[in-house]
Amino acid sequence: MNKKLYNLAQWTWGLPQTLAGLAVYMIHKNNQHYDYEGAKVTVWDRNDGLSLGKFIFTPDDKSLVSHEYGHTKQSLILGPLYLPVVGVSSMIWNRLPFFKSFRKKTGKSYDSFIIESSATYLGRRRGAKR
């Protein structure tokens, strides 16, 4: 994907989540940052990831960056529906004790939830020109 087109789409179609990502980015402005296929990655001290529009927040973990980049592609697909569809369901799957316990008891992977498996799939299919 062309990085200019990616950025334009995130700042228009994906505006709500990109603005939220900018706010989180500003809180972590002194952290390490780098570009990943047009997305702005911030390395933080939490052990999980967050993707808001073109902004990705992860520990220093390349496979997690790829997965979170997949969420940025979901943002491009869903636009203003991203936060209620992906954001809310992903947070519930990740953080709710019931689902943490369910994954542990059943041996289900984090990616067994379609929102997460599609993010991993989309993240692996980067396709941006380097």
# chains A, B, ... in the order shown; residues from 1 in each chain; ligands from 1
call {"tool": "residues_around", "arguments": {"residues": "Ile56 in chain A", "least_positions_apart": "6", "cutoff": "8 Å", "atoms": "only C-alpha atoms", "output": "ChimeraX atom specification"}}
result
/A:21,39-42,49-50,65,68-69
call {"tool": "write_last_selection", "arguments": {"atoms": "all heavy atoms", "output": "short mmCIF file (atom, residue, chain, number, x, y, z; two decimals), in the first residue's frame"}}
result
data_model
loop_
_atom_site.label_atom_id
_atom_site.label_comp_id
_atom_site.auth_asym_id
_atom_site.auth_seq_id
_atom_site.Cartn_x
_atom_site.Cartn_y
_atom_site.Cartn_z
N GLY A 21 -5.41 7.91 18.76
CA GLY A 21 -4.02 7.47 18.72
C GLY A 21 -3.05 8.62 18.90
O GLY A 21 -2.03 8.50 19.59
N ALA A 39 2.72 3.39 9.41
CA ALA A 39 2.20 3.56 10.77
C ALA A 39 3.31 4.10 11.67
O ALA A 39 4.49 3.87 11.42
CB ALA A 39 1.70 2.22 11.31
N LYS A 40 2.92 4.80 12.72
CA LYS A 40 3.88 5.32 13.69
C LYS A 40 3.83 4.40 14.91
O LYS A 40 2.82 4.31 15.60
CB LYS A 40 3.50 6.75 14.08
CG LYS A 40 4.43 7.37 15.09
CD LYS A 40 5.82 7.51 14.56
CE LYS A 40 6.08 8.90 14.07
NZ LYS A 40 7.44 9.11 13.61
N VAL A 41 4.95 3.70 15.15
CA VAL A 41 5.04 2.76 16.27
C VAL A 41 5.70 3.45 17.45
O VAL A 41 6.73 4.10 17.29
CB VAL A 41 5.85 1.50 15.88
CG1 VAL A 41 5.99 0.56 17.08
CG2 VAL A 41 5.21 0.79 14.71
N THR A 42 5.10 3.31 18.61
CA THR A 42 5.66 3.79 19.86
C THR A 42 5.95 2.58 20.74
O THR A 42 5.06 1.74 20.94
CB THR A 42 4.68 4.74 20.58
OG1 THR A 42 4.44 5.87 19.74
CG2 THR A 42 5.23 5.20 21.92
N GLY A 49 -0.37 -4.71 23.25
CA GLY A 49 -0.36 -3.73 22.18
C GLY A 49 -1.67 -2.99 22.07
O GLY A 49 -2.71 -3.43 22.57
N LEU A 50 -1.60 -1.86 21.38
CA LEU A 50 -2.77 -1.04 21.12
C LEU A 50 -2.59 -0.42 19.75
O LEU A 50 -1.49 0.03 19.40
CB LEU A 50 -2.89 0.06 22.18
CG LEU A 50 -4.00 1.11 21.98
CD1 LEU A 50 -5.37 0.46 22.11
CD2 LEU A 50 -3.83 2.22 23.01
N VAL A 65 4.03 -6.04 16.68
CA VAL A 65 3.91 -4.87 15.79
C VAL A 65 3.19 -5.28 14.51
O VAL A 65 2.29 -4.58 14.04
CB VAL A 65 5.29 -4.25 15.47
CG1 VAL A 65 5.17 -3.19 14.38
CG2 VAL A 65 5.89 -3.64 16.72
N GLU A 68 -0.50 -5.68 15.33
CA GLU A 68 -1.13 -4.38 15.53
C GLU A 68 -1.25 -3.62 14.21
O GLU A 68 -2.21 -2.88 13.99
CB GLU A 68 -0.38 -3.56 16.58
CG GLU A 68 -0.45 -4.13 17.98
CD GLU A 68 -1.86 -4.25 18.53
OE1 GLU A 68 -2.73 -3.43 18.19
OE2 GLU A 68 -2.12 -5.18 19.32
N TYR A 69 -0.29 -3.81 13.31
CA TYR A 69 -0.39 -3.20 11.98
C TYR A 69 -1.62 -3.75 11.25
O TYR A 69 -2.29 -3.02 10.52
CB TYR A 69 0.89 -3.45 11.17
CG TYR A 69 0.84 -2.83 9.80
CD1 TYR A 69 0.88 -1.45 9.64
CD2 TYR A 69 0.73 -3.61 8.66
CE1 TYR A 69 0.83 -0.88 8.37
CE2 TYR A 69 0.67 -3.05 7.39
CZ TYR A 69 0.72 -1.68 7.26
OH TYR A 69 0.66 -1.11 6.02
#
call {"tool": "residues_around", "arguments": {"residues": "range 10-16 of chain A", "least_positions_apart": "5", "cutoff": "10 Å", "atoms": "only C-alpha atoms", "output": "number ranges by chain"}}
result
A: 4-5, 21, 39, 52-55, 72-83
call {"tool": "residues_around", "arguments": {"residues": "Asp48 in chain A", "least_positions_apart": "6", "cutoff": "9 Å", "atoms": "only C-alpha atoms", "output": "list in words"}}
result
Phe57, Thr58, Pro59 and Leu64 of chain A
call {"tool": "closest_residue", "arguments": {"among": "A:Asn30, A:His67, A:Lys108, A:Glu116", "to": "Ser90 in chain A", "atoms": "only C-alpha atoms"}}
result
A:Glu116
call {"tool": "select_by_dssp", "arguments": {"residues": "chain A", "states": "helix (DSSP H, G or I)", "output": "JSON, numbers by chain"}}
result
{"A": [3, 4, 5, 6, 7, 8, 9, 10, 11, 12, 15, 16, 17, 18, 19, 20, 21, 22, 23, 24, 25, 26, 27, 62, 63, 64, 65, 66, 67, 68, 69, 70, 71, 72, 73, 74, 75, 76, 77, 78, 79, 80, 81, 82, 83, 84, 85, 86, 87, 88, 89, 90, 91, 92, 93, 94, 95, 97, 98, 99, 100, 101, 102, 103, 104, 105, 106, 110, 111, 112, 114, 115, 116, 117, 118, 119, 120, 121, 122, 123, 124]}
call {"tool": "select_by_dssp", "arguments": {"residues": "chain A", "states": "strand (DSSP E or B)", "output": "ChimeraX atom specification"}}
result
/A:33-36,39-43,50-52,55-58
call {"tool": "residues_around", "arguments": {"residues": "Trp93 in chain A", "least_positions_apart": "5", "cutoff": "10 Å", "atoms": "only C-alpha atoms", "output": "PyMOL selection string"}}
result
chain A and resi 88+98-100+102-103+110+113+115-116
